[in-house]
>>> print(open('query.tsv').read())   # TSV, C-alpha atoms
chain	number	residue	atom	x	y	z
A	1	MET	CA	-15.47	-8.68	-47.21
A	2	THR	CA	-17.43	-6.41	-44.92
A	3	SER	CA	-17.13	-6.43	-41.15
A	4	ALA	CA	-20.15	-6.93	-38.94
A	5	SER	CA	-21.51	-3.74	-37.45
A	6	PRO	CA	-24.42	-3.03	-35.14
A	7	ALA	CA	-27.73	-2.62	-36.89
A	8	VAL	CA	-29.41	0.77	-36.61
A	9	SER	CA	-33.02	1.02	-35.51
A	10	GLY	CA	-34.18	4.63	-35.62
A	11	HIS	CA	-31.42	6.57	-33.89
A	12	VAL	CA	-30.34	3.67	-31.65
A	13	ALA	CA	-27.50	1.30	-32.60
A	14	VAL	CA	-28.64	-2.24	-31.85
A	15	THR	CA	-26.21	-5.13	-31.36
A	16	PRO	CA	-26.67	-7.99	-33.85
A	17	GLY	CA	-28.85	-10.72	-32.34
A	18	VAL	CA	-30.51	-8.28	-29.92
A	19	SER	CA	-34.02	-7.03	-30.69
A	20	PRO	CA	-34.71	-3.28	-30.45
A	21	GLU	CA	-37.19	-3.87	-27.62
A	22	ARG	CA	-34.63	-5.83	-25.61
A	23	HIS	CA	-31.99	-3.17	-26.30
A	24	ARG	CA	-34.32	-0.41	-25.08
A	25	LEU	CA	-35.26	-2.42	-21.98
A	26	GLY	CA	-31.59	-2.95	-21.07
A	27	SER	CA	-30.75	0.72	-21.57
A	28	LEU	CA	-33.78	1.77	-19.53
A	29	LEU	CA	-32.83	-0.62	-16.70
A	30	ILE	CA	-29.27	0.75	-16.55
A	31	ARG	CA	-30.38	4.40	-16.60
A	32	ALA	CA	-33.18	3.94	-14.07
A	33	SER	CA	-30.98	2.05	-11.59
A	34	THR	CA	-28.18	4.60	-11.95
A	35	ILE	CA	-30.58	7.49	-11.34
A	36	LEU	CA	-32.02	5.70	-8.30
A	37	LEU	CA	-28.56	5.06	-6.84
A	38	GLY	CA	-27.50	8.66	-7.44
A	39	LEU	CA	-30.70	9.92	-5.83
A	40	VAL	CA	-30.19	7.77	-2.73
A	41	ILE	CA	-26.56	8.95	-2.40
A	42	VAL	CA	-27.48	12.62	-2.81
A	43	VAL	CA	-30.35	12.44	-0.32
A	44	GLN	CA	-28.28	10.64	2.29
A	45	SER	CA	-25.32	13.01	1.81
A	46	LEU	CA	-27.51	16.11	2.17
A	47	TYR	CA	-29.20	14.60	5.23
A	48	ALA	CA	-25.86	13.73	6.82
A	49	LEU	CA	-24.61	17.28	6.19
A	50	GLY	CA	-27.75	18.70	7.77
A	51	TYR	CA	-29.07	20.46	4.67
A	52	ILE	CA	-32.35	18.51	4.60
A	53	SER	CA	-34.51	17.08	7.38
A	54	PHE	CA	-35.39	13.74	5.80
A	55	GLY	CA	-33.08	10.82	5.11
A	56	PHE	CA	-31.85	7.51	6.47
A	57	SER	CA	-30.53	6.94	9.98
A	58	ASN	CA	-27.39	5.27	8.58
A	59	TRP	CA	-25.71	4.45	5.27
A	60	GLN	CA	-27.04	0.90	4.99
A	61	PRO	CA	-29.73	1.87	2.43
A	62	VAL	CA	-26.95	3.27	0.24
A	63	LEU	CA	-25.20	-0.13	0.39
A	64	VAL	CA	-28.47	-1.89	-0.51
A	65	ALA	CA	-29.01	0.54	-3.39
A	66	TYR	CA	-25.46	-0.10	-4.61
A	67	VAL	CA	-25.98	-3.88	-4.59
A	68	LEU	CA	-29.28	-3.54	-6.44
A	69	TRP	CA	-27.66	-1.17	-8.95
A	70	SER	CA	-24.85	-3.70	-9.51
A	71	VAL	CA	-27.37	-6.47	-10.25
A	72	ALA	CA	-29.40	-4.18	-12.51
A	73	LEU	CA	-26.26	-3.07	-14.34
A	74	CYS	CA	-25.21	-6.66	-15.07
A	75	TRP	CA	-28.70	-7.58	-16.18
A	76	GLY	CA	-29.02	-4.46	-18.31
A	77	LEU	CA	-25.70	-5.08	-20.06
A	78	VAL	CA	-26.75	-8.61	-20.98
A	79	LEU	CA	-30.11	-7.38	-22.30
A	80	ARG	CA	-28.61	-4.47	-24.22
A	81	ASP	CA	-25.36	-5.93	-25.58
A	82	GLY	CA	-26.06	-9.64	-25.82
A	83	GLU	CA	-22.87	-11.69	-26.06
A	84	ALA	CA	-20.70	-8.63	-25.41
A	85	GLY	CA	-22.69	-8.01	-22.23
A	86	TRP	CA	-21.98	-11.54	-21.01
A	87	ARG	CA	-18.26	-10.92	-21.56
A	88	ALA	CA	-18.46	-7.61	-19.70
A	89	ILE	CA	-20.03	-9.08	-16.57
A	90	PHE	CA	-17.03	-11.36	-16.09
A	91	VAL	CA	-14.94	-8.24	-15.44
A	92	LEU	CA	-17.67	-6.16	-13.82
A	93	PRO	CA	-17.70	-7.91	-10.39
A	94	ALA	CA	-14.02	-7.05	-9.87
A	95	VAL	CA	-14.69	-3.44	-10.88
A	96	LEU	CA	-17.71	-3.16	-8.58
A	97	PHE	CA	-15.77	-4.79	-5.74
A	98	THR	CA	-12.96	-2.25	-6.19
A	99	VAL	CA	-15.43	0.62	-6.20
A	100	ALA	CA	-17.11	-0.66	-3.04
A	101	LEU	CA	-13.94	-1.39	-1.03
A	102	VAL	CA	-11.45	1.18	-2.40
A	103	ILE	CA	-13.02	4.12	-4.17
A	104	PHE	CA	-16.12	4.59	-2.01
A	105	PRO	CA	-14.22	4.39	1.33
A	106	THR	CA	-11.70	6.91	-0.01
A	107	VAL	CA	-14.45	9.33	-1.05
A	108	PHE	CA	-16.32	8.75	2.20
A	109	GLY	CA	-13.05	9.39	4.03
A	110	LEU	CA	-12.96	12.86	2.47
A	111	PHE	CA	-16.45	13.40	3.85
A	112	ILE	CA	-15.22	12.51	7.34
A	113	ALA	CA	-11.94	14.41	6.99
A	114	PHE	CA	-13.74	17.74	6.90
A	115	SER	CA	-15.58	17.01	10.13
A	116	ASP	CA	-15.01	17.50	13.83
A	117	TRP	CA	-15.75	13.98	15.00
A	118	ASN	CA	-14.43	12.75	18.31
A	119	LEU	CA	-15.96	9.52	19.59
A	120	GLN	CA	-15.57	10.70	23.18
A	121	SER	CA	-17.68	13.78	22.51
A	122	ALA	CA	-21.45	13.78	22.94
A	123	ASN	CA	-21.90	16.20	20.04
A	124	GLY	CA	-21.22	13.61	17.35
A	125	ARG	CA	-19.90	14.51	13.91
A	126	GLN	CA	-19.98	18.17	12.91
A	127	PHE	CA	-18.75	19.76	9.69
A	128	ASN	CA	-15.76	22.02	10.42
A	129	GLY	CA	-14.50	22.96	6.94
A	130	LEU	CA	-10.72	23.34	6.68
A	131	ALA	CA	-10.08	23.27	10.45
A	132	ASN	CA	-8.50	19.78	10.36
A	133	LEU	CA	-6.28	20.81	7.46
A	134	ARG	CA	-5.07	23.91	9.33
A	135	GLN	CA	-4.44	21.79	12.42
A	136	LEU	CA	-2.46	19.33	10.32
A	137	TRP	CA	-0.32	22.10	8.85
A	138	ALA	CA	0.57	23.37	12.33
A	139	ASP	CA	1.04	19.94	13.95
A	140	PRO	CA	4.74	19.33	14.73
A	141	TYR	CA	4.10	15.64	15.44
A	142	PHE	CA	2.82	15.11	11.90
A	143	TRP	CA	5.90	16.73	10.36
A	144	ASN	CA	8.13	14.75	12.72
A	145	ALA	CA	6.45	11.49	11.60
A	146	LEU	CA	6.80	12.54	7.96
A	147	GLY	CA	10.52	13.20	8.51
A	148	ASN	CA	10.87	9.77	10.11
A	149	MET	CA	9.26	8.23	7.04
A	150	VAL	CA	11.97	9.82	4.89
A	151	PHE	CA	14.56	8.09	7.07
A	152	TYR	CA	12.78	4.72	6.98
A	153	VAL	CA	12.31	4.85	3.20
A	154	ALA	CA	15.98	5.81	2.74
A	155	THR	CA	17.02	2.63	4.57
A	156	VAL	CA	15.55	0.64	1.65
A	157	VAL	CA	18.75	1.39	-0.29
A	158	VAL	CA	20.84	-0.28	2.43
A	159	GLN	CA	18.42	-3.20	2.57
A	160	TYR	CA	18.71	-3.60	-1.19
A	161	ALA	CA	22.52	-3.71	-1.03
A	162	ILE	CA	22.43	-6.38	1.69
A	163	ALA	CA	19.75	-8.38	-0.15
A	164	PHE	CA	21.79	-8.26	-3.38
A	165	GLY	CA	24.86	-9.54	-1.55
A	166	LEU	CA	22.92	-12.40	0.02
A	167	ALA	CA	21.35	-13.26	-3.33
A	168	LEU	CA	24.79	-13.42	-4.95
A	169	LEU	CA	25.96	-15.68	-2.14
A	170	LEU	CA	22.98	-18.03	-2.48
A	171	ASN	CA	23.34	-18.06	-6.25
A	172	ALA	CA	26.93	-19.28	-5.97
A	173	ASP	CA	27.86	-22.92	-5.81
A	174	ILE	CA	28.28	-23.25	-2.04
A	175	LYS	CA	27.75	-26.13	0.36
A	176	ALA	CA	24.37	-26.41	2.14
A	177	GLN	CA	22.86	-24.00	-0.37
A	178	LYS	CA	19.27	-25.15	0.24
A	179	PHE	CA	19.71	-24.91	4.01
A	180	PHE	CA	20.91	-21.30	3.80
A	181	ARG	CA	18.09	-20.36	1.45
A	182	VAL	CA	15.48	-21.63	3.89
A	183	SER	CA	17.29	-20.06	6.86
A	184	PHE	CA	17.50	-16.64	5.25
A	185	LEU	CA	13.80	-16.78	4.41
A	186	LEU	CA	12.69	-17.55	7.97
A	187	PRO	CA	12.32	-13.88	9.10
A	188	PHE	CA	9.99	-13.20	6.17
A	189	MET	CA	7.77	-16.07	7.31
A	190	LEU	CA	7.19	-14.36	10.66
A	191	SER	CA	4.57	-11.71	11.28
A	192	PRO	CA	6.02	-8.22	11.97
A	193	VAL	CA	3.85	-8.17	15.09
A	194	ALA	CA	5.50	-11.38	16.31
A	195	VAL	CA	8.93	-9.95	15.50
A	196	SER	CA	8.22	-6.75	17.41
A	197	TRP	CA	7.20	-8.71	20.52
A	198	MET	CA	9.86	-11.40	20.20
A	199	ILE	CA	12.73	-8.96	19.66
A	200	GLY	CA	11.54	-5.51	20.70
A	201	LYS	CA	9.61	-6.47	23.81
A	202	SER	CA	11.66	-9.49	24.91
A	203	MET	CA	15.25	-9.55	23.66
A	204	LEU	CA	15.73	-5.75	23.79
A	205	GLU	CA	13.90	-5.17	27.09
A	206	TYR	CA	15.98	-2.72	29.15
A	207	ARG	CA	16.16	-4.60	32.45
A	208	PHE	CA	16.05	-8.31	31.64
A	209	GLY	CA	16.48	-8.59	27.88
A	210	PRO	CA	19.33	-10.93	26.85
A	211	VAL	CA	20.66	-8.43	24.28
A	212	THR	CA	20.80	-5.53	26.74
A	213	ASN	CA	22.38	-7.76	29.40
A	214	LEU	CA	25.00	-8.86	26.87
A	215	LEU	CA	25.75	-5.23	26.05
A	216	ARG	CA	26.18	-4.49	29.77
A	217	TRP	CA	28.56	-7.42	30.01
A	218	PHE	CA	30.63	-5.82	27.23
A	219	GLY	CA	30.78	-2.57	29.21
A	220	TRP	CA	27.84	-0.50	27.95
A	221	GLU	CA	26.40	0.85	31.21
A	222	ASN	CA	23.11	2.17	29.79
A	223	PRO	CA	22.04	0.18	26.69
A	224	SER	CA	18.77	2.08	26.20
A	225	LEU	CA	18.09	0.82	22.70
A	226	LEU	CA	14.43	1.83	22.70
A	227	THR	CA	14.50	4.95	24.87
A	228	THR	CA	17.30	6.97	23.24
A	229	PRO	CA	15.76	8.71	20.18
A	230	TRP	CA	18.38	7.95	17.52
A	231	LEU	CA	19.01	4.45	18.88
A	232	ALA	CA	15.30	3.68	18.98
A	233	LYS	CA	14.84	4.79	15.37
A	234	THR	CA	17.85	2.74	14.26
A	235	THR	CA	16.59	-0.31	16.18
A	236	ILE	CA	13.18	-0.06	14.52
A	237	ALA	CA	14.86	0.18	11.12
A	238	LEU	CA	17.00	-2.89	11.88
A	239	MET	CA	14.02	-4.99	12.96
A	240	ASP	CA	12.08	-3.92	9.88
A	241	ALA	CA	15.06	-4.72	7.66
A	242	TRP	CA	15.45	-8.16	9.27
A	243	VAL	CA	11.87	-8.97	8.28
A	244	TRP	CA	11.92	-7.58	4.74
A	245	ILE	CA	15.44	-8.20	3.41
A	246	PRO	CA	14.52	-11.86	2.62
A	247	PHE	CA	11.68	-10.59	0.40
A	248	MET	CA	14.12	-8.49	-1.63
A	249	MET	CA	16.70	-11.27	-1.59
A	250	ILE	CA	14.36	-13.88	-3.07
A	251	MET	CA	13.27	-11.55	-5.89
A	252	ILE	CA	16.87	-10.70	-6.77
A	253	LEU	CA	17.87	-14.35	-6.53
A	254	ALA	CA	15.13	-15.25	-9.00
A	255	GLY	CA	16.51	-12.62	-11.38
A	256	LEU	CA	20.06	-13.90	-11.00
A	257	GLN	CA	19.03	-17.45	-11.81
A	258	ALA	CA	17.30	-16.23	-14.97
A	259	LEU	CA	20.49	-14.62	-16.32
A	260	SER	CA	22.29	-16.31	-19.18
A	261	LYS	CA	25.35	-18.20	-17.95
A	262	GLU	CA	27.02	-17.92	-21.35
A	263	VAL	CA	27.41	-14.15	-21.04
A	264	GLN	CA	29.11	-14.42	-17.65
A	265	GLU	CA	31.37	-17.25	-18.84
A	266	ALA	CA	32.34	-15.23	-21.94
A	267	ALA	CA	33.34	-12.33	-19.69
A	268	LYS	CA	35.61	-14.64	-17.68
A	269	VAL	CA	37.20	-15.94	-20.88
A	270	ASP	CA	37.90	-12.33	-21.94
A	271	GLY	CA	39.79	-11.81	-18.68
A	272	ALA	CA	37.19	-9.91	-16.65
A	273	THR	CA	37.61	-10.18	-12.88
A	274	GLY	CA	34.70	-11.06	-10.64
A	275	TRP	CA	34.22	-7.40	-9.67
A	276	GLN	CA	34.32	-6.25	-13.30
A	277	GLY	CA	31.88	-8.96	-14.33
A	278	PHE	CA	29.49	-7.87	-11.61
A	279	TRP	CA	29.53	-4.13	-12.41
A	280	GLN	CA	29.65	-4.42	-16.19
A	281	ILE	CA	27.44	-7.46	-16.79
A	282	THR	CA	25.47	-8.77	-13.80
A	283	PHE	CA	24.38	-5.47	-12.28
A	284	PRO	CA	23.24	-3.85	-15.57
A	285	LEU	CA	21.32	-6.97	-16.58
A	286	MET	CA	19.67	-7.04	-13.15
A	287	LEU	CA	18.44	-3.42	-13.32
A	288	PRO	CA	14.82	-4.28	-14.27
A	289	VAL	CA	14.52	-6.75	-11.40
A	290	SER	CA	16.32	-4.38	-9.04
A	291	MET	CA	14.05	-1.45	-9.84
A	292	THR	CA	10.93	-3.57	-9.42
A	293	THR	CA	12.19	-4.88	-6.10
A	294	ILE	CA	13.02	-1.41	-4.79
A	295	VAL	CA	9.68	0.08	-5.85
A	296	LEU	CA	7.73	-2.75	-4.20
A	297	ARG	CA	9.80	-2.49	-1.05
A	298	VAL	CA	9.28	1.28	-0.86
A	299	ILE	CA	5.51	0.76	-1.15
A	300	PHE	CA	5.60	-1.70	1.75
A	301	GLN	CA	7.85	0.63	3.75
A	302	LEU	CA	5.41	3.51	3.43
A	303	LYS	CA	2.93	1.40	5.44
A	304	LEU	CA	5.35	0.72	8.32
A	305	ALA	CA	3.37	0.75	11.57
A	306	ASP	CA	3.05	-2.61	13.35
A	307	ILE	CA	6.65	-2.85	14.60
A	308	VAL	CA	6.57	0.76	15.81
A	309	ILE	CA	3.20	0.42	17.54
A	310	ASN	CA	4.10	-2.77	19.39
A	311	THR	CA	7.66	-1.82	20.31
A	312	THR	CA	7.80	1.90	21.13
A	313	SER	CA	4.30	3.28	20.39
A	314	GLY	CA	6.06	6.03	18.47
A	315	GLY	CA	8.26	7.07	21.40
A	316	PRO	CA	10.36	8.35	22.87
A	317	GLY	CA	8.69	11.68	22.18
A	318	GLY	CA	7.67	10.67	18.66
A	319	ALA	CA	11.25	9.79	17.66
A	320	THR	CA	10.20	6.51	16.00
A	321	ASP	CA	6.76	7.58	14.81
A	322	THR	CA	5.57	6.84	11.30
A	323	ILE	CA	2.55	8.39	9.65
A	324	SER	CA	0.63	5.14	9.99
A	325	SER	CA	1.42	4.75	13.70
A	326	PHE	CA	0.55	8.43	14.24
A	327	ILE	CA	-2.84	7.89	12.56
A	328	PHE	CA	-3.37	4.77	14.68
A	329	ARG	CA	-2.86	6.75	17.89
A	330	GLU	CA	-5.20	9.50	16.73
A	331	TYR	CA	-7.90	6.88	16.27
A	332	LYS	CA	-7.23	4.59	19.23
A	333	ASP	CA	-5.87	6.84	21.96
A	334	ARG	CA	-7.58	10.13	21.16
A	335	SER	CA	-10.69	8.80	19.34
A	336	ASN	CA	-10.22	11.69	16.91
A	337	VAL	CA	-11.84	10.23	13.81
A	338	GLY	CA	-12.10	13.47	11.83
A	339	TYR	CA	-8.50	14.60	12.28
A	340	GLY	CA	-7.10	11.07	11.88
A	341	THR	CA	-8.98	10.65	8.61
A	342	MET	CA	-7.63	13.97	7.33
A	343	ILE	CA	-4.08	12.78	8.04
A	344	ALA	CA	-4.80	9.50	6.24
A	345	GLU	CA	-6.23	11.28	3.17
A	346	ILE	CA	-3.29	13.70	2.95
A	347	TYR	CA	-0.84	10.83	3.37
A	348	LEU	CA	-2.60	8.92	0.58
A	349	ILE	CA	-2.16	11.91	-1.73
A	350	LEU	CA	1.52	12.18	-0.79
A	351	ILE	CA	2.03	8.46	-1.45
A	352	ILE	CA	0.37	8.68	-4.86
A	353	ILE	CA	2.56	11.65	-5.83
A	354	PHE	CA	5.73	10.01	-4.50
A	355	ILE	CA	5.11	6.64	-6.17
A	356	ALA	CA	4.23	8.36	-9.46
A	357	LEU	CA	7.49	10.33	-9.35
A	358	LEU	CA	9.42	7.20	-8.34
A	359	LEU	CA	8.00	5.23	-11.28
A	360	TRP	CA	8.75	8.11	-13.65
A	361	ALA	CA	12.33	8.35	-12.38
A	362	THR	CA	12.70	4.58	-12.61
A	363	ASN	CA	11.52	4.56	-16.23
A	364	ARG	CA	13.92	7.38	-17.12
A	365	PHE	CA	16.78	5.55	-15.41
A	366	MET	CA	15.98	2.33	-17.23
A	367	GLN	CA	15.79	4.10	-20.60
A	368	ARG	CA	19.20	5.70	-20.09
A	369	HIS	CA	20.80	2.35	-19.20
A	370	ALA	CA	18.93	0.24	-21.74
>>> encode(input="query.tsv", output="structure tokens")
Amino acid sequence: MTSASPAVSGHVAVTPGVSPERHRLGSLLIRASTILLGLVIVVQSLYALGYISFGFSNWQPVLVAYVLWSVALCWGLVLRDGEAGWRAIFVLPAVLFTVALVIFPTVFGLFIAFSDWNLQSANGRQFNGLANLRQLWADPYFWNALGNMVFYVATVVVQYAIAFGLALLLNADIKAQKFFRVSFLLPFMLSPVAVSWMIGKSMLEYRFGPVTNLLRWFGWENPSLLTTPWLAKTTIALMDAWVWIPFMMIMILAGLQALSKEVQEAAKVDGATGWQGFWQITFPLMLPVSMTTIVLRVIFQLKLADIVINTTSGGPGGATDTISSFIFREYKDRSNVGYGTMIAEIYLILIIIFIALLLWATNRFMQRHA
């Protein structure tokens, strides 16, 4: 029995059921629209860089060209590939959407990152080469924020330990189990912005906050939770942990409930204590879920900004700053679009490298303990 293969017309492979004329028309449509889109992008880029004197006043024609190219690409695939083209266009919108909202902004961000562009300046955007990169390298506030991120990411280990303990508690046969599950999930239902205002701006307020007044009542004369550098950083970490520990807890709890009860009961019959059963059976079996939970939590932690911005604005003296809050201030307070974008692009590269190494280390760890 022979398998179906595309028919060959001249030097062009034609899909069965598609005429050579239709195949050529589809290929021509795809190539022509791609060339047109590339030409529009090149012309606009050269005009924006000042190398040519003709171009568009903004990037809207590029967006229009991209939309037209997307339509032409879908149409061309259907004409050229027939049934296979129809299958491809079910996936193509998601790909095009990702290109438009992820890849293109990232590439365009690189274009801005190598520019001197301050919105308060009358000169507008000007290409400045590696000046922003040199400024970044010599900026102590950037390195301070990066060091703070190491501290905040390290707290994920503590959050994981607490979340695992709570999950074990909620997985046990205790009274009011459903009530405690809902109660422990309440912080995760709140917005971090609401938490930062409810706790950071209200309960921890230095003069009238109920927590600070309670600490004074216990004898602490100066409970400056948000103005002492190490206390402020610890307070931010605690508020962030209060919001996100329920997320880790619910994932671990789901893993615990999926474990086989027979294995744990067999360990008890063999005389294993609760501690031995946890370390030798429960914890090893939970490693895949644990690693997934930690990796996801680290990714979320790398974006920490809202609690810092609303509570301390990175203070005192940058003690609580994160990279995201630092970028926010560069944009909002200093209107420094070029330098802020350079920080964002460098941070994106660092995140990609860090997550890649974390996934590699996780896979190695899982293979050793498989």
>>> closest_residue(input="query.tsv", among="A:Ala154, A:Ala356, A:Ala272, A:Val243", to="Val195 (chain A)", atoms="all atoms listed in the file")
A:Val243
>>> atom_distance(input="query.tsv", atom1="CA of Trp69 (chain A)", atom2="CA of Ala113 (chain A)")
27.3 Å
>>> residues_around(input="query.tsv", residues="Phe247 (chain A)", least_positions_apart="5", cutoff="10 Å", atoms="all atoms listed in the file", output="ChimeraX atom specification")
/A:163,184-185,187-189,241-242,252,293,296-297
>>> atom_distance(input="query.tsv", atom1="CA of Gln177 (chain A)", atom2="CA of Asp240 (chain A)")
25.0 Å
>>> atom_distance(input="query.tsv", atom1="CA of Trp197 (chain A)", atom2="CA of Thr320 (chain A)")
16.2 Å
>>> residues_around(input="query.tsv", residues="Asn148 (chain A)", least_positions_apart="6", cutoff="9 Å", atoms="only C-alpha atoms", output="number ranges by chain")
A: 233, 319-323
>>> residues_around(input="query.tsv", residues="Leu348 (chain A)", least_positions_apart="4", cutoff="12 Å", atoms="all atoms listed in the file", output="mmCIF file with C-alpha atoms, in the coordinates of the input")
data_model
loop_
_atom_site.group_PDB
_atom_site.id
_atom_site.type_symbol
_atom_site.label_atom_id
_atom_site.label_comp_id
_atom_site.auth_asym_id
_atom_site.auth_seq_id
_atom_site.Cartn_x
_atom_site.Cartn_y
_atom_site.Cartn_z
ATOM 1 C CA THR A 106 -11.700 6.910 -0.010
ATOM 2 C CA VAL A 107 -14.450 9.330 -1.050
ATOM 3 C CA GLY A 109 -13.050 9.390 4.030
ATOM 4 C CA LEU A 110 -12.960 12.860 2.470
ATOM 5 C CA ILE A 299 5.510 0.760 -1.150
ATOM 6 C CA LEU A 302 5.410 3.510 3.430
ATOM 7 C CA LYS A 303 2.930 1.400 5.440
ATOM 8 C CA ILE A 323 2.550 8.390 9.650
ATOM 9 C CA SER A 324 0.630 5.140 9.990
ATOM 10 C CA THR A 341 -8.980 10.650 8.610
ATOM 11 C CA MET A 342 -7.630 13.970 7.330
ATOM 12 C CA ILE A 343 -4.080 12.780 8.040
ATOM 13 C CA ALA A 344 -4.800 9.500 6.240
ATOM 14 C CA ILE A 352 0.370 8.680 -4.860
ATOM 15 C CA ILE A 353 2.560 11.650 -5.830
ATOM 16 C CA PHE A 354 5.730 10.010 -4.500
ATOM 17 C CA ILE A 355 5.110 6.640 -6.170
#
>>> closest_residue(input="query.tsv", among="A:Val298, A:Gln280, A:Ile250, A:Ala48", to="Gly165 (chain A)", atoms="all atoms listed in the file")
A:Ile250
>>> closest_residue(input="query.tsv", among="A:Met239, A:Met366, A:Ile349, A:Leu73", to="Leu285 (chain A)", atoms="only C-alpha atoms")
A:Met366
>>> decode(input="query.tsv", residues="region 111-129 of chain A", atoms="N, CA and C atoms", output="PDB file, in the first residue's frame")
ATOM      1  N   PHE A 111      14.474  48.749  20.386  1.00  0.00           N
ATOM      2  CA  PHE A 111      14.620  49.981  19.602  1.00  0.00           C
ATOM      3  C   PHE A 111      14.588  51.207  20.523  1.00  0.00           C
ATOM      4  N   ILE A 112      13.701  51.195  21.501  1.00  0.00           N
ATOM      5  CA  ILE A 112      13.596  52.321  22.426  1.00  0.00           C
ATOM      6  C   ILE A 112      14.750  52.326  23.430  1.00  0.00           C
ATOM      7  N   ALA A 113      15.216  51.120  23.813  1.00  0.00           N
ATOM      8  CA  ALA A 113      16.234  51.017  24.851  1.00  0.00           C
ATOM      9  C   ALA A 113      17.536  51.701  24.467  1.00  0.00           C
ATOM     10  N   PHE A 114      17.813  51.779  23.190  1.00  0.00           N
ATOM     11  CA  PHE A 114      19.041  52.431  22.740  1.00  0.00           C
ATOM     12  C   PHE A 114      18.764  53.870  22.305  1.00  0.00           C
ATOM     13  N   SER A 115      17.893  54.523  23.058  1.00  0.00           N
ATOM     14  CA  SER A 115      17.503  55.894  22.747  1.00  0.00           C
ATOM     15  C   SER A 115      17.528  56.743  24.010  1.00  0.00           C
ATOM     16  N   ASP A 116      17.782  58.014  23.816  1.00  0.00           N
ATOM     17  CA  ASP A 116      17.638  59.000  24.885  1.00  0.00           C
ATOM     18  C   ASP A 116      16.273  59.635  24.708  1.00  0.00           C
ATOM     19  N   TRP A 117      15.310  59.149  25.502  1.00  0.00           N
ATOM     20  CA  TRP A 117      13.924  59.575  25.305  1.00  0.00           C
ATOM     21  C   TRP A 117      13.315  59.903  26.657  1.00  0.00           C
ATOM     22  N   ASN A 118      13.258  61.174  26.959  1.00  0.00           N
ATOM     23  CA  ASN A 118      12.626  61.653  28.175  1.00  0.00           C
ATOM     24  C   ASN A 118      11.396  62.450  27.780  1.00  0.00           C
ATOM     25  N   LEU A 119      10.237  62.073  28.311  1.00  0.00           N
ATOM     26  CA  LEU A 119       8.990  62.715  27.915  1.00  0.00           C
ATOM     27  C   LEU A 119       8.910  64.171  28.361  1.00  0.00           C
ATOM     28  N   GLN A 120       9.755  64.569  29.296  1.00  0.00           N
ATOM     29  CA  GLN A 120       9.768  65.958  29.743  1.00  0.00           C
ATOM     30  C   GLN A 120      10.688  66.830  28.897  1.00  0.00           C
ATOM     31  N   SER A 121      11.416  66.206  27.993  1.00  0.00           N
ATOM     32  CA  SER A 121      12.338  66.945  27.140  1.00  0.00           C
ATOM     33  C   SER A 121      11.658  67.316  25.824  1.00  0.00           C
ATOM     34  N   ALA A 122      11.994  68.487  25.305  1.00  0.00           N
ATOM     35  CA  ALA A 122      11.413  68.940  24.046  1.00  0.00           C
ATOM     36  C   ALA A 122      12.130  68.352  22.845  1.00  0.00           C
ATOM     37  N   ASN A 123      13.234  67.660  23.068  1.00  0.00           N
ATOM     38  CA  ASN A 123      14.013  67.120  21.949  1.00  0.00           C
ATOM     39  C   ASN A 123      13.446  65.826  21.387  1.00  0.00           C
ATOM     40  N   GLY A 124      12.571  65.160  22.142  1.00  0.00           N
ATOM     41  CA  GLY A 124      12.009  63.907  21.671  1.00  0.00           C
ATOM     42  C   GLY A 124      13.012  62.772  21.771  1.00  0.00           C
ATOM     43  N   ARG A 125      12.748  61.694  21.045  1.00  0.00           N
ATOM     44  CA  ARG A 125      13.619  60.520  21.094  1.00  0.00           C
ATOM     45  C   ARG A 125      14.836  60.715  20.207  1.00  0.00           C
ATOM     46  N   GLN A 126      16.004  60.388  20.761  1.00  0.00           N
ATOM     47  CA  GLN A 126      17.257  60.473  20.022  1.00  0.00           C
ATOM     48  C   GLN A 126      18.083  59.224  20.286  1.00  0.00           C
ATOM     49  N   PHE A 127      18.645  58.660  19.233  1.00  0.00           N
ATOM     50  CA  PHE A 127      19.477  57.471  19.368  1.00  0.00           C
ATOM     51  C   PHE A 127      20.751  57.828  20.135  1.00  0.00           C
ATOM     52  N   ASN A 128      21.055  57.029  21.178  1.00  0.00           N
ATOM     53  CA  ASN A 128      22.255  57.315  21.981  1.00  0.00           C
ATOM     54  C   ASN A 128      23.164  56.101  22.141  1.00  0.00           C
ATOM     55  N   GLY A 129      22.982  55.079  21.318  1.00  0.00           N
ATOM     56  CA  GLY A 129      23.893  53.936  21.328  1.00  0.00           C
ATOM     57  C   GLY A 129      23.862  53.180  22.640  1.00  0.00           C
TER      58      GLY A 129
END
